[in-house]
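This is my_file_39.txt (compact mmCIF, C-alpha atoms (C1' of nucleotides)).
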# COMPACT_ATOMS: atom_id res chain seq x y z
CA MET A 151 -30.18 6.90 -17.61
CA ASP A 152 -31.37 3.45 -16.88
CA THR A 153 -28.37 1.41 -17.91
CA GLN A 154 -28.62 -0.44 -14.65
CA ALA A 155 -32.20 0.29 -13.81
CA LYS A 156 -34.39 -2.55 -12.70
CA PRO A 157 -36.98 -4.08 -14.99
CA SER A 158 -40.63 -3.36 -14.63
CA PRO A 159 -42.48 -4.79 -11.63
CA ARG A 160 -44.27 -7.12 -13.96
CA ASP A 161 -41.03 -8.55 -15.26
CA ARG A 162 -39.49 -8.82 -11.81
CA LEU A 163 -42.58 -10.65 -10.68
CA LEU A 164 -42.53 -13.10 -13.54
CA ASP A 165 -38.82 -13.72 -13.16
CA ALA A 166 -39.22 -14.48 -9.49
CA ALA A 167 -42.26 -16.64 -10.21
CA THR A 168 -40.36 -18.64 -12.79
CA GLU A 169 -37.51 -19.18 -10.36
CA LEU A 170 -39.50 -19.95 -7.25
CA PHE A 171 -42.31 -22.04 -8.67
CA TYR A 172 -39.72 -24.12 -10.49
CA ARG A 173 -37.41 -24.58 -7.54
CA GLU A 174 -39.83 -24.69 -4.63
CA GLY A 175 -42.97 -25.89 -6.31
CA VAL A 176 -46.41 -24.42 -6.72
CA SER A 177 -46.94 -24.29 -2.98
CA THR A 178 -44.69 -21.25 -2.82
CA GLY A 179 -46.60 -18.48 -1.09
CA ILE A 180 -47.52 -15.11 -2.44
CA ASP A 181 -45.63 -13.32 0.28
CA ALA A 182 -42.41 -15.13 -0.55
CA LEU A 183 -42.93 -14.47 -4.23
CA CYS A 184 -43.51 -10.75 -3.77
CA LYS A 185 -40.60 -10.39 -1.41
CA ALA A 186 -38.29 -12.15 -3.87
CA ALA A 187 -39.53 -9.91 -6.67
CA GLY A 188 -39.29 -6.75 -4.62
CA VAL A 189 -42.88 -5.96 -5.43
CA SER A 190 -45.69 -5.27 -3.05
CA LYS A 191 -48.64 -7.60 -2.91
CA ARG A 192 -50.86 -4.68 -3.74
CA SER A 193 -49.07 -4.12 -7.02
CA MET A 194 -49.10 -7.80 -7.82
CA TYR A 195 -52.84 -7.94 -7.51
CA GLN A 196 -53.19 -4.95 -9.77
CA LEU A 197 -51.13 -6.66 -12.44
CA PHE A 198 -52.70 -10.10 -12.06
CA ASP A 199 -56.04 -11.35 -10.93
CA SER A 200 -54.74 -14.21 -8.86
CA LYS A 201 -51.76 -16.36 -8.05
CA ASP A 202 -52.94 -18.79 -10.69
CA GLU A 203 -52.67 -16.11 -13.34
CA VAL A 204 -49.15 -15.29 -12.23
CA MET A 205 -48.18 -18.92 -12.65
CA ALA A 206 -49.73 -19.08 -16.09
CA ALA A 207 -48.10 -15.82 -17.18
CA ALA A 208 -44.71 -16.96 -15.90
CA LEU A 209 -44.92 -20.18 -17.88
CA GLU A 210 -46.19 -18.33 -20.90
CA ARG A 211 -43.27 -15.99 -20.80
CA ARG A 212 -40.79 -18.78 -20.43
CA ALA A 213 -42.08 -20.72 -23.42
CA PRO A 214 -40.26 -18.98 -26.29
CA GLY A 215 -36.90 -19.14 -24.57
CA TYR A 216 -37.46 -22.76 -23.70
CA ALA A 217 -38.20 -23.62 -27.29
CA ALA A 218 -35.14 -21.71 -28.46
CA LEU A 219 -33.06 -23.61 -25.94
CA LEU A 220 -34.18 -27.03 -27.08
CA LEU A 221 -35.19 -26.85 -30.71
CA PRO A 222 -32.78 -26.52 -33.58
CA ALA A 223 -32.82 -23.27 -35.50
CA ALA A 224 -35.61 -23.11 -38.05
CA ASP A 225 -33.05 -22.81 -40.82
CA ASP A 226 -30.89 -25.61 -39.48
CA PRO A 227 -30.26 -27.51 -42.71
CA ARG A 228 -29.59 -30.91 -41.16
CA PRO A 229 -31.92 -33.80 -41.91
CA PRO A 230 -34.89 -34.50 -39.63
CA ARG A 231 -33.07 -37.18 -37.71
CA ALA A 232 -30.33 -34.81 -36.62
CA ARG A 233 -32.85 -32.10 -35.87
CA VAL A 234 -34.77 -34.41 -33.58
CA LEU A 235 -31.65 -35.66 -31.86
CA HIS A 236 -30.63 -32.07 -31.32
CA VAL A 237 -33.44 -31.74 -28.80
CA PHE A 238 -32.25 -34.70 -26.78
CA GLU A 239 -28.65 -33.61 -26.92
CA ARG A 240 -29.67 -30.26 -25.51
CA LEU A 241 -31.72 -32.01 -22.86
CA GLU A 242 -28.71 -34.03 -21.75
CA GLU A 243 -26.71 -30.84 -21.60
CA LEU A 244 -29.30 -29.07 -19.50
CA SER A 245 -29.48 -31.98 -17.10
CA ARG A 246 -25.82 -31.60 -16.29
CA ALA A 247 -26.59 -28.45 -14.35
CA GLU A 248 -26.92 -29.52 -10.73
CA ASP A 249 -29.99 -27.38 -10.24
CA TYR A 250 -31.83 -28.88 -13.17
CA ARG A 251 -35.17 -30.22 -12.07
CA GLY A 252 -36.73 -31.36 -15.30
CA CYS A 253 -39.07 -29.66 -17.71
CA PRO A 254 -40.84 -26.84 -15.85
CA PHE A 255 -43.97 -27.27 -17.92
CA LEU A 256 -44.28 -30.93 -17.16
CA ALA A 257 -43.60 -30.23 -13.50
CA ALA A 258 -46.39 -27.67 -13.44
CA GLN A 259 -48.81 -30.11 -14.99
CA VAL A 260 -47.94 -32.82 -12.51
CA GLU A 261 -48.09 -30.58 -9.47
CA LEU A 262 -51.34 -28.90 -10.39
CA LYS A 263 -53.35 -32.03 -10.82
CA ASP A 264 -56.13 -29.96 -12.27
CA GLY A 265 -55.72 -29.90 -16.04
CA ALA A 266 -58.09 -26.92 -16.23
CA HIS A 267 -55.77 -24.70 -14.21
CA PRO A 268 -54.61 -21.73 -16.31
CA ALA A 269 -50.97 -22.64 -15.85
CA SER A 270 -51.72 -26.22 -16.75
CA VAL A 271 -53.36 -25.11 -19.97
CA VAL A 272 -50.29 -23.10 -20.93
CA ALA A 273 -48.03 -26.03 -20.10
CA ALA A 274 -50.13 -28.38 -22.18
CA ARG A 275 -49.85 -26.05 -25.13
CA VAL A 276 -46.08 -25.93 -24.84
CA LYS A 277 -45.83 -29.69 -24.62
CA GLN A 278 -48.07 -30.01 -27.62
CA ALA A 279 -45.76 -27.70 -29.55
CA LEU A 280 -42.90 -30.06 -28.84
CA THR A 281 -44.89 -33.04 -30.02
CA ASP A 282 -45.85 -31.10 -33.14
CA PHE A 283 -42.21 -30.38 -33.87
CA PHE A 284 -41.38 -34.06 -33.55
CA ARG A 285 -44.26 -34.96 -35.77
CA THR A 286 -43.29 -32.53 -38.49
CA GLU A 287 -39.76 -33.88 -38.53
CA ALA A 288 -41.06 -37.43 -38.50
CA GLU A 289 -43.14 -36.70 -41.56
CA ARG A 290 -40.33 -34.97 -43.33
CA GLY A 291 -38.03 -37.88 -42.58
CA GLY A 292 -40.44 -40.48 -43.83
CA ALA A 293 -41.14 -42.22 -40.55
CA ALA A 294 -43.40 -45.22 -40.78
CA ASP A 295 -45.93 -43.75 -38.33
CA PRO A 296 -45.13 -40.07 -37.73
CA ALA A 297 -47.82 -39.53 -35.12
CA LEU A 298 -46.69 -42.53 -33.11
CA LEU A 299 -43.05 -41.57 -33.32
CA ALA A 300 -43.84 -38.06 -32.16
CA ARG A 301 -45.70 -39.39 -29.14
CA GLN A 302 -42.90 -41.80 -28.37
CA LEU A 303 -40.31 -39.08 -28.46
CA THR A 304 -42.40 -36.88 -26.21
CA LEU A 305 -42.74 -39.83 -23.89
CA VAL A 306 -38.99 -40.16 -23.63
CA PHE A 307 -38.58 -36.44 -23.18
CA ASP A 308 -41.09 -36.35 -20.35
CA GLY A 309 -39.71 -39.48 -18.75
CA ALA A 310 -36.31 -37.89 -18.67
CA SER A 311 -37.74 -34.68 -17.23
CA ALA A 312 -39.65 -36.50 -14.57
CA ARG A 313 -36.70 -38.58 -13.46
CA ALA A 314 -34.39 -35.60 -13.45
CA GLY A 315 -36.82 -33.69 -11.30
CA ALA A 316 -37.55 -36.61 -9.02
CA ALA A 317 -34.28 -38.35 -8.43
CA GLY A 318 -31.75 -35.87 -9.71
CA GLU A 319 -30.71 -38.84 -11.77
CA SER A 320 -28.20 -38.14 -14.48
CA LEU A 321 -29.53 -38.31 -17.99
CA ALA A 322 -26.09 -38.55 -19.53
CA GLY A 323 -25.75 -41.37 -21.99
CA LEU A 324 -29.37 -42.36 -21.54
CA VAL A 325 -31.60 -40.00 -23.44
CA VAL A 326 -29.86 -39.77 -26.79
CA PRO A 327 -29.43 -43.54 -27.21
CA THR A 328 -33.08 -44.05 -26.34
CA ALA A 329 -34.27 -41.50 -28.85
CA THR A 330 -31.92 -42.98 -31.41
CA ALA A 331 -33.39 -46.43 -30.93
CA LEU A 332 -36.87 -45.07 -31.52
CA LEU A 333 -35.77 -43.18 -34.62
CA ASP A 334 -34.19 -46.34 -35.96
CA ALA A 335 -37.29 -48.39 -35.27
CA ALA A 336 -39.42 -45.84 -37.09
CA GLY A 337 -37.04 -45.72 -40.03
CA LEU A 338 -36.44 -42.00 -39.76
CA ARG A 339 -33.82 -40.77 -42.15
CA MET B 65 -67.77 -61.71 14.43
CA ASP B 66 -66.11 -59.01 12.48
CA THR B 67 -67.10 -59.93 8.95
CA GLN B 68 -68.11 -56.34 8.36
CA ALA B 69 -66.07 -54.70 11.07
CA LYS B 70 -63.89 -51.80 10.17
CA PRO B 71 -60.15 -52.20 9.91
CA SER B 72 -57.81 -50.78 12.50
CA PRO B 73 -57.40 -47.03 12.70
CA ARG B 74 -53.93 -47.39 11.31
CA ASP B 75 -55.20 -49.19 8.24
CA ARG B 76 -58.05 -46.76 7.72
CA LEU B 77 -55.56 -43.92 7.94
CA LEU B 78 -53.19 -45.43 5.43
CA ASP B 79 -56.00 -46.29 3.05
CA ALA B 80 -57.29 -42.75 3.14
CA ALA B 81 -53.77 -41.38 2.78
CA THR B 82 -53.15 -43.52 -0.27
CA GLU B 83 -56.37 -42.33 -1.82
CA LEU B 84 -56.15 -38.66 -1.02
CA PHE B 85 -52.48 -38.01 -1.53
CA TYR B 86 -52.73 -39.73 -4.89
CA ARG B 87 -55.84 -37.95 -6.04
CA GLU B 88 -55.47 -34.53 -4.45
CA GLY B 89 -51.73 -34.30 -4.09
CA VAL B 90 -49.44 -33.88 -1.12
CA SER B 91 -51.03 -30.57 -0.21
CA THR B 92 -53.99 -32.45 1.23
CA GLY B 93 -54.46 -31.33 4.80
CA ILE B 94 -54.34 -33.40 7.92
CA ASP B 95 -57.89 -32.50 8.84
CA ALA B 96 -59.22 -33.75 5.53
CA LEU B 97 -57.18 -36.90 5.83
CA CYS B 98 -58.40 -37.71 9.32
CA LYS B 99 -61.97 -36.97 8.45
CA ALA B 100 -61.81 -39.26 5.44
CA ALA B 101 -60.26 -41.98 7.55
CA GLY B 102 -62.73 -41.54 10.40
CA VAL B 103 -59.85 -41.17 12.81
CA SER B 104 -59.19 -38.33 15.19
CA LYS B 105 -56.10 -36.23 14.80
CA ARG B 106 -55.13 -37.20 18.27
CA SER B 107 -55.05 -40.86 17.35
CA MET B 108 -53.18 -40.13 14.18
CA TYR B 109 -50.42 -38.40 16.04
CA GLN B 110 -50.14 -41.32 18.39
CA LEU B 111 -49.66 -43.69 15.49
CA PHE B 112 -47.35 -41.45 13.47
CA ASP B 113 -44.90 -38.75 14.29
CA SER B 114 -45.87 -36.41 11.51
CA LYS B 115 -47.73 -36.03 8.27
CA ASP B 116 -44.55 -36.87 6.45
CA GLU B 117 -44.39 -40.23 8.17
CA VAL B 118 -47.96 -40.97 7.20
CA MET B 119 -47.12 -40.32 3.58
CA ALA B 120 -44.08 -42.54 3.75
CA ALA B 121 -46.00 -45.32 5.48
CA ALA B 122 -48.81 -45.12 2.97
CA LEU B 123 -46.42 -45.47 0.05
CA GLU B 124 -44.57 -48.24 1.84
CA ARG B 125 -47.77 -50.15 2.31
CA ARG B 126 -48.79 -49.71 -1.27
CA ALA B 127 -45.51 -51.02 -2.67
CA PRO B 128 -46.09 -54.78 -2.58
CA GLY B 129 -49.50 -54.56 -4.19
CA TYR B 130 -48.16 -52.24 -6.83
CA ALA B 131 -45.40 -54.66 -7.70
CA ALA B 132 -47.86 -57.52 -7.86
CA LEU B 133 -50.03 -55.48 -10.15
CA LEU B 134 -47.30 -54.72 -12.64
CA LEU B 135 -44.71 -57.46 -12.49
CA PRO B 136 -45.20 -60.93 -13.87
CA ALA B 137 -45.42 -63.76 -11.39
CA ALA B 138 -42.01 -64.89 -10.19
CA ASP B 139 -42.63 -68.32 -11.66
CA ASP B 140 -43.93 -66.96 -14.94
CA PRO B 141 -42.03 -69.20 -17.33
CA ARG B 142 -42.04 -66.88 -20.31
CA PRO B 143 -38.78 -65.51 -21.65
CA PRO B 144 -37.41 -62.19 -20.37
CA ARG B 145 -38.78 -60.25 -23.30
CA ALA B 146 -42.34 -61.27 -22.57
CA ARG B 147 -41.84 -60.71 -18.86
CA VAL B 148 -40.68 -57.18 -19.49
CA LEU B 149 -43.47 -56.44 -21.91
CA HIS B 150 -45.91 -57.73 -19.35
CA VAL B 151 -45.18 -54.66 -17.24
CA PHE B 152 -46.00 -52.29 -20.06
CA GLU B 153 -49.11 -54.19 -21.02
CA ARG B 154 -50.32 -53.89 -17.47
CA LEU B 155 -49.46 -50.21 -17.50
CA GLU B 156 -51.56 -49.64 -20.59
CA GLU B 157 -54.40 -51.48 -18.92
CA LEU B 158 -54.18 -49.40 -15.78
CA SER B 159 -54.14 -46.20 -17.79
CA ARG B 160 -57.52 -47.05 -19.25
CA ALA B 161 -59.14 -46.32 -15.90
CA GLU B 162 -60.38 -42.74 -16.13
CA ASP B 163 -59.08 -41.96 -12.67
CA TYR B 164 -55.58 -43.18 -13.40
CA ARG B 165 -53.09 -40.47 -12.62
CA GLY B 166 -49.78 -42.17 -13.24
CA CYS B 167 -47.39 -43.96 -10.94
CA PRO B 168 -48.06 -42.78 -7.38
CA PHE B 169 -44.44 -43.18 -6.42
CA LEU B 170 -43.20 -41.02 -9.24
CA ALA B 171 -45.87 -38.45 -8.47
CA ALA B 172 -44.76 -38.31 -4.86
CA GLN B 173 -41.17 -37.76 -5.88
CA VAL B 174 -42.08 -34.98 -8.26
CA GLU B 175 -44.40 -33.21 -5.84
CA LEU B 176 -42.07 -33.39 -2.88
CA LYS B 177 -39.12 -31.81 -4.55
CA ASP B 178 -37.02 -32.73 -1.58
CA GLY B 179 -35.41 -36.09 -2.28
CA ALA B 180 -34.63 -36.49 1.41
CA HIS B 181 -38.30 -36.51 2.39
CA PRO B 182 -39.22 -39.85 4.00
CA ALA B 183 -41.90 -40.52 1.41
CA SER B 184 -39.50 -39.63 -1.36
CA VAL B 185 -37.00 -42.13 -0.04
CA VAL B 186 -39.61 -44.87 -0.07
CA ALA B 187 -40.65 -43.92 -3.58
CA ALA B 188 -37.07 -43.98 -4.79
CA ARG B 189 -36.66 -47.48 -3.39
CA VAL B 190 -39.73 -48.72 -5.21
CA LYS B 191 -38.62 -47.18 -8.48
CA GLN B 192 -35.20 -48.74 -8.02
CA ALA B 193 -36.86 -52.12 -7.56
CA LEU B 194 -38.54 -51.73 -10.93
CA THR B 195 -35.26 -50.83 -12.59
CA ASP B 196 -33.65 -53.83 -10.91
CA PHE B 197 -36.33 -56.10 -12.29
CA PHE B 198 -35.74 -54.75 -15.77
CA ARG B 199 -32.03 -55.18 -15.37
CA THR B 200 -32.31 -58.78 -14.22
CA GLU B 201 -34.48 -59.64 -17.17
CA ALA B 202 -32.15 -57.76 -19.50
CA GLU B 203 -29.25 -59.83 -18.27
CA ARG B 204 -31.15 -63.07 -18.51
CA GLY B 205 -32.20 -62.19 -22.03
CA GLY B 206 -28.71 -61.35 -23.16
CA ALA B 207 -29.22 -57.66 -23.79
CA ALA B 208 -26.22 -55.86 -25.20
CA ASP B 209 -26.13 -53.41 -22.29
CA PRO B 210 -28.45 -54.57 -19.52
CA ALA B 211 -27.93 -51.57 -17.30
CA LEU B 212 -28.69 -49.16 -20.11
CA LEU B 213 -31.74 -51.09 -21.22
CA ALA B 214 -33.06 -51.14 -17.67
CA ARG B 215 -32.70 -47.38 -17.38
CA GLN B 216 -34.32 -46.88 -20.76
CA LEU B 217 -37.31 -48.98 -19.82
CA THR B 218 -37.70 -47.12 -16.56
CA LEU B 219 -37.51 -43.90 -18.53
CA VAL B 220 -40.40 -44.99 -20.71
CA PHE B 221 -42.35 -46.17 -17.71
CA ASP B 222 -41.93 -42.88 -15.93
CA GLY B 223 -42.63 -40.86 -19.03
CA ALA B 224 -45.89 -42.69 -19.45
CA SER B 225 -46.76 -42.16 -15.80
CA ALA B 226 -45.97 -38.49 -15.97
CA ARG B 227 -48.01 -37.90 -19.08
CA ALA B 228 -50.91 -39.90 -17.75
CA GLY B 229 -50.90 -37.87 -14.58
CA ALA B 230 -50.40 -34.57 -16.31
CA ALA B 231 -52.52 -34.64 -19.40
CA GLY B 232 -54.74 -37.60 -18.80
CA GLU B 233 -53.36 -38.63 -22.14
CA SER B 234 -54.15 -42.13 -23.24
CA LEU B 235 -51.26 -44.52 -23.22
CA ALA B 236 -53.01 -47.04 -25.42
CA GLY B 237 -50.91 -48.19 -28.34
CA LEU B 238 -48.01 -46.07 -27.23
CA VAL B 239 -46.21 -47.71 -24.37
CA VAL B 240 -45.89 -51.29 -25.58
CA PRO B 241 -44.57 -50.37 -29.02
CA THR B 242 -42.04 -48.05 -27.43
CA ALA B 243 -40.80 -50.68 -25.04
CA THR B 244 -40.71 -53.18 -27.89
CA ALA B 245 -38.52 -50.90 -29.96
CA LEU B 246 -36.06 -50.60 -27.10
CA LEU B 247 -36.01 -54.33 -26.52
CA ASP B 248 -35.33 -54.89 -30.21
CA ALA B 249 -32.55 -52.33 -30.21
CA ALA B 250 -30.94 -54.02 -27.23
CA GLY B 251 -31.29 -57.46 -28.78
CA LEU B 252 -33.31 -58.88 -25.92
CA ARG B 253 -34.55 -62.35 -26.60
C1' DG C 236 -47.38 23.89 -7.31
C1' DG C 237 -51.62 21.15 -7.44
C1' DG C 238 -53.84 16.94 -9.13
C1' DG C 239 -53.43 12.07 -10.78
C1' DT C 240 -51.18 8.02 -11.01
C1' DC C 241 -48.20 4.39 -9.77
C1' DG C 242 -46.11 1.62 -6.42
C1' DT C 243 -44.83 0.50 -1.49
C1' DA C 244 -45.48 -0.60 3.20
C1' DC C 245 -48.29 -2.69 6.26
C1' DA C 246 -52.29 -3.87 8.84
C1' DC C 247 -55.90 -6.80 8.22
C1' DC C 248 -59.39 -10.50 6.68
C1' DG C 249 -61.23 -15.34 7.19
C1' DA C 250 -59.53 -19.79 6.21
C1' DT C 251 -56.43 -23.33 6.69
C1' DC C 252 -51.97 -25.25 7.71
C1' DG C 253 -49.35 -28.94 10.91
C1' DG C 254 -49.57 -30.08 15.47
C1' DT C 255 -51.08 -30.15 20.67
C1' DT C 256 -54.23 -30.24 24.37
C1' DT C 257 -58.38 -30.74 26.89
C1' DC C 258 -62.42 -33.04 27.81
C1' DC C 259 -65.57 -36.60 27.71
C1' DT C 260 -67.43 -40.94 26.52
C1' DC C 261 -66.89 -45.45 25.67
C1' DG C 262 -65.65 -50.60 26.61
C1' DC C 263 -63.50 -53.81 29.38
C1' DG C 264 -61.29 -56.18 33.35
C1' DG C 265 -61.35 -56.23 38.38
C1' DC D 105 -70.16 -51.55 39.96
C1' DC D 106 -66.07 -49.23 39.63
C1' DG D 107 -61.66 -47.70 37.65
C1' DC D 108 -58.96 -47.00 33.95
C1' DG D 109 -57.11 -46.51 29.52
C1' DA D 110 -58.10 -45.88 24.54
C1' DG D 111 -59.90 -43.03 21.33
C1' DG D 112 -63.05 -39.51 19.31
C1' DA D 113 -64.70 -34.37 19.15
C1' DA D 114 -63.25 -30.18 19.18
C1' DA D 115 -60.91 -26.13 21.05
C1' DC D 116 -56.70 -24.25 20.63
C1' DC D 117 -51.79 -22.83 19.11
C1' DG D 118 -48.83 -19.81 16.12
C1' DA D 119 -47.91 -19.61 11.40
C1' DT D 120 -49.16 -19.06 6.87
C1' DC D 121 -52.38 -19.19 3.11
C1' DG D 122 -54.62 -16.15 -0.92
C1' DG D 123 -56.41 -11.77 -1.12
C1' DT D 124 -57.87 -6.50 0.42
C1' DG D 125 -58.05 -1.96 2.31
C1' DT D 126 -55.65 2.13 3.68
C1' DA D 127 -52.28 5.52 3.99
C1' DC D 128 -48.22 7.58 2.29
C1' DG D 129 -44.20 8.69 -0.84
C1' DA D 130 -42.21 9.46 -5.65
C1' DC D 131 -43.03 11.09 -9.97
C1' DC D 132 -45.26 13.38 -14.15
C1' DC D 133 -47.85 16.47 -16.73
C1' DC D 134 -50.22 20.50 -16.79
Can you give me the file's structure in the form of structure tokens?
Amino acid sequence: MDTQAKPSPRDRLLDAATELFYREGVSTGIDALCKAAGVSKRSMYQLFDSKDEVMAAALERRAPGYAALLLPAADDPRPPRARVLHVFERLEELSRAEDYRGCPFLAAQVELKDGAHPASVVAARVKQALTDFFRTEAERGGAADPALLARQLTLVFDGASARAGAAGESLAGLVVPTATALLDAAGLR
Amino acid sequence: MDTQAKPSPRDRLLDAATELFYREGVSTGIDALCKAAGVSKRSMYQLFDSKDEVMAAALERRAPGYAALLLPAADDPRPPRARVLHVFERLEELSRAEDYRGCPFLAAQVELKDGAHPASVVAARVKQALTDFFRTEAERGGAADPALLARQLTLVFDGASARAGAAGESLAGLVVPTATALLDAAGLR
DNA sequence: GGGGTCGTACACCGATCGGTTTCCTCGCGG
DNA sequence: CCGCGAGGAAACCGATCGGTGTACGACCCC
């Protein structure tokens, strides 16, 4: 039986990639990655075409869980305002962990300056999904300018992620009030 | 006369470092840097102890000009609100350049995940100076919570920098309204 | 029990990394 | 004119980079 069997090489690889690329940055070497995953380089290159593809796949795999972590449940009956604030409350919570280094997708985009990089494309899509969520809620809540509000909220989210990653600065008491001020200004119910 | 003479090796090195580390990232190699600067590696290592020191020195050198670019003149007689908004107006202007990649100090902090890195220390100091400016103006303008407002404004500034660097997203029409909303919420005159 | 397949271990490739050293050519003061 | 130091070109160092080639062991299905 495999009650305690290890996951597939592919999964081990992506788990290690998620961990290492997030903690050590994109300059993490293939050797270190494979050693951490307990997978030979040979196998890695049969599963993926290149290191870049591993990065992209790792981000891709992380996306659903990340969304589930931040977004309110789809059937959360609260009004748009509360649903939006939920995201920032969760963000503040996450930032309390001492190993929190900001949004991994934003970090990937910043580190890989090339926006055409496969991993950067994935990250952009995830960030766009967040903006889309904000925008939908802004429309539902009757914001004066839903598109603007959505971009503003994403701006705050990314600012918080960047500062958390850069300075390890605490986000407590900062993010939610800021988002609230923007919601107020936009007249979101 | 030296009307068209080249600057000192040190200056050429720091100019090239500023350029390359900003555009290509911290993974830029020493060879590329020295070639771009027209300085031999040997000379470089007589002027600096390590690549890390070059990075730090380049950021250090860039700091005053960066402040001058963003901050209002010290004797700018406008009220605090206008002086704060000046920063964000300048930021929007900068972001119109197609090669703008966000705040170089923030980028350095994000790329070098190690906050103890010499260049990261310099960057943190510069960012703190910006927050201090915001805080001073917030106090002068009678903000309800000057420290909070200062952190919020820095948050927006960094968010804008991160997104500009990551997605090449336009900041036009986004940053100033966001800052304005926060100023309003804080009751800054 | 023989393929076939999957994955590992490991040597290996050329390139590049940060950093050091050697050599040689300048310019400048005596 | 000579001596000397500064600085550039480039070889060199061991390590590591992303990526391959090869050989061998574990397993599975006939």
Hey, list the chain A side of the contact with chain B: 9 Å cut-off, all atoms listed in the file, answer as a PDB file with C-alpha atoms, keeping the file's coordinate frame.
ATOM      1  CA  ARG A 173     -37.410 -24.580  -7.540  1.00  0.00           C
ATOM      2  CA  GLU A 174     -39.830 -24.690  -4.630  1.00  0.00           C
ATOM      3  CA  GLY A 175     -42.970 -25.890  -6.310  1.00  0.00           C
ATOM      4  CA  SER A 177     -46.940 -24.290  -2.980  1.00  0.00           C
ATOM      5  CA  ARG A 251     -35.170 -30.220 -12.070  1.00  0.00           C
ATOM      6  CA  LEU A 256     -44.280 -30.930 -17.160  1.00  0.00           C
ATOM      7  CA  ALA A 257     -43.600 -30.230 -13.500  1.00  0.00           C
ATOM      8  CA  ALA A 258     -46.390 -27.670 -13.440  1.00  0.00           C
ATOM      9  CA  GLN A 259     -48.810 -30.110 -14.990  1.00  0.00           C
ATOM     10  CA  VAL A 260     -47.940 -32.820 -12.510  1.00  0.00           C
ATOM     11  CA  GLU A 261     -48.090 -30.580  -9.470  1.00  0.00           C
ATOM     12  CA  LEU A 262     -51.340 -28.900 -10.390  1.00  0.00           C
ATOM     13  CA  LYS A 263     -53.350 -32.030 -10.820  1.00  0.00           C
ATOM     14  CA  ASP A 264     -56.130 -29.960 -12.270  1.00  0.00           C
ATOM     15  CA  GLY A 265     -55.720 -29.900 -16.040  1.00  0.00           C
ATOM     16  CA  SER A 270     -51.720 -26.220 -16.750  1.00  0.00           C
ATOM     17  CA  ALA A 274     -50.130 -28.380 -22.180  1.00  0.00           C
ATOM     18  CA  LEU A 298     -46.690 -42.530 -33.110  1.00  0.00           C
ATOM     19  CA  LEU A 299     -43.050 -41.570 -33.320  1.00  0.00           C
ATOM     20  CA  ARG A 301     -45.700 -39.390 -29.140  1.00  0.00           C
ATOM     21  CA  GLN A 302     -42.900 -41.800 -28.370  1.00  0.00           C
ATOM     22  CA  THR A 304     -42.400 -36.880 -26.210  1.00  0.00           C
ATOM     23  CA  LEU A 305     -42.740 -39.830 -23.890  1.00  0.00           C
ATOM     24  CA  VAL A 306     -38.990 -40.160 -23.630  1.00  0.00           C
ATOM     25  CA  PHE A 307     -38.580 -36.440 -23.180  1.00  0.00           C
ATOM     26  CA  ASP A 308     -41.090 -36.350 -20.350  1.00  0.00           C
ATOM     27  CA  GLY A 309     -39.710 -39.480 -18.750  1.00  0.00           C
ATOM     28  CA  ALA A 310     -36.310 -37.890 -18.670  1.00  0.00           C
ATOM     29  CA  SER A 311     -37.740 -34.680 -17.230  1.00  0.00           C
ATOM     30  CA  ALA A 312     -39.650 -36.500 -14.570  1.00  0.00           C
ATOM     31  CA  ARG A 313     -36.700 -38.580 -13.460  1.00  0.00           C
ATOM     32  CA  GLY A 315     -36.820 -33.690 -11.300  1.00  0.00           C
ATOM     33  CA  ALA A 316     -37.550 -36.610  -9.020  1.00  0.00           C
ATOM     34  CA  ALA A 317     -34.280 -38.350  -8.430  1.00  0.00           C
ATOM     35  CA  GLY A 318     -31.750 -35.870  -9.710  1.00  0.00           C
ATOM     36  CA  GLY A 323     -25.750 -41.370 -21.990  1.00  0.00           C
ATOM     37  CA  LEU A 324     -29.370 -42.360 -21.540  1.00  0.00           C
ATOM     38  CA  VAL A 325     -31.600 -40.000 -23.440  1.00  0.00           C
ATOM     39  CA  PRO A 327     -29.430 -43.540 -27.210  1.00  0.00           C
ATOM     40  CA  THR A 328     -33.080 -44.050 -26.340  1.00  0.00           C
ATOM     41  CA  ALA A 331     -33.390 -46.430 -30.930  1.00  0.00           C
ATOM     42  CA  LEU A 332     -36.870 -45.070 -31.520  1.00  0.00           C
ATOM     43  CA  ASP A 334     -34.190 -46.340 -35.960  1.00  0.00           C
ATOM     44  CA  ALA A 335     -37.290 -48.390 -35.270  1.00  0.00           C
ATOM     45  CA  ALA A 336     -39.420 -45.840 -37.090  1.00  0.00           C
TER      46      ALA A 336
END
Which centre and edge lengths in Å to one decimal define the box along x, y and z that fits every listed atom of stretch 310-328 of chain A plus 5 Å per side, as lines of an AutoDock Vina configuration file?
center_x = -32.7
center_y = -38.9
center_z = -17.8
size_x = 23.9
size_y = 20.4
size_z = 28.8
Restrict the distance test to all atoms listed in the file, flag each residue of chain D within 9 Å of chain A, and return the flagged residues as an NGL selection string. :D and (120-124)
What is the distance between atom C1' of D:DG129 and atom C1' of C:DT243, in Å to one decimal? 8.2 Å
What are the closest atom pairs, with distances in Å to one decimal, for all residues of chain C lying within 12 Å of chain A? Consider only C-alpha atoms (C1' of nucleotides), order rows by chain and residue number, and present the result as a tab-separated table.
residue	atom	partner	partner_atom	distance
C:DC241	C1'	A:Ser193	CA	9.0
C:DG242	C1'	A:Ser193	CA	6.5
C:DT243	C1'	A:Ser190	CA	6.0
C:DA244	C1'	A:Ser190	CA	7.8
C:DC245	C1'	A:Ser190	CA	10.0
C:DC252	C1'	A:Ser177	CA	11.9
Using C-alpha atoms (C1' of nucleotides), give me stretch 257-261 of chain C from the structure I just pasted, as a compact mmCIF listing (two decimals), in the first residue's frame.
# COMPACT_ATOMS: atom_id res chain seq x y z
C1' DT C 257 50.33 37.92 -14.85
C1' DC C 258 52.03 40.67 -18.31
C1' DC C 259 52.64 44.62 -20.90
C1' DT C 260 51.99 49.24 -22.30
C1' DC C 261 51.26 53.69 -21.27
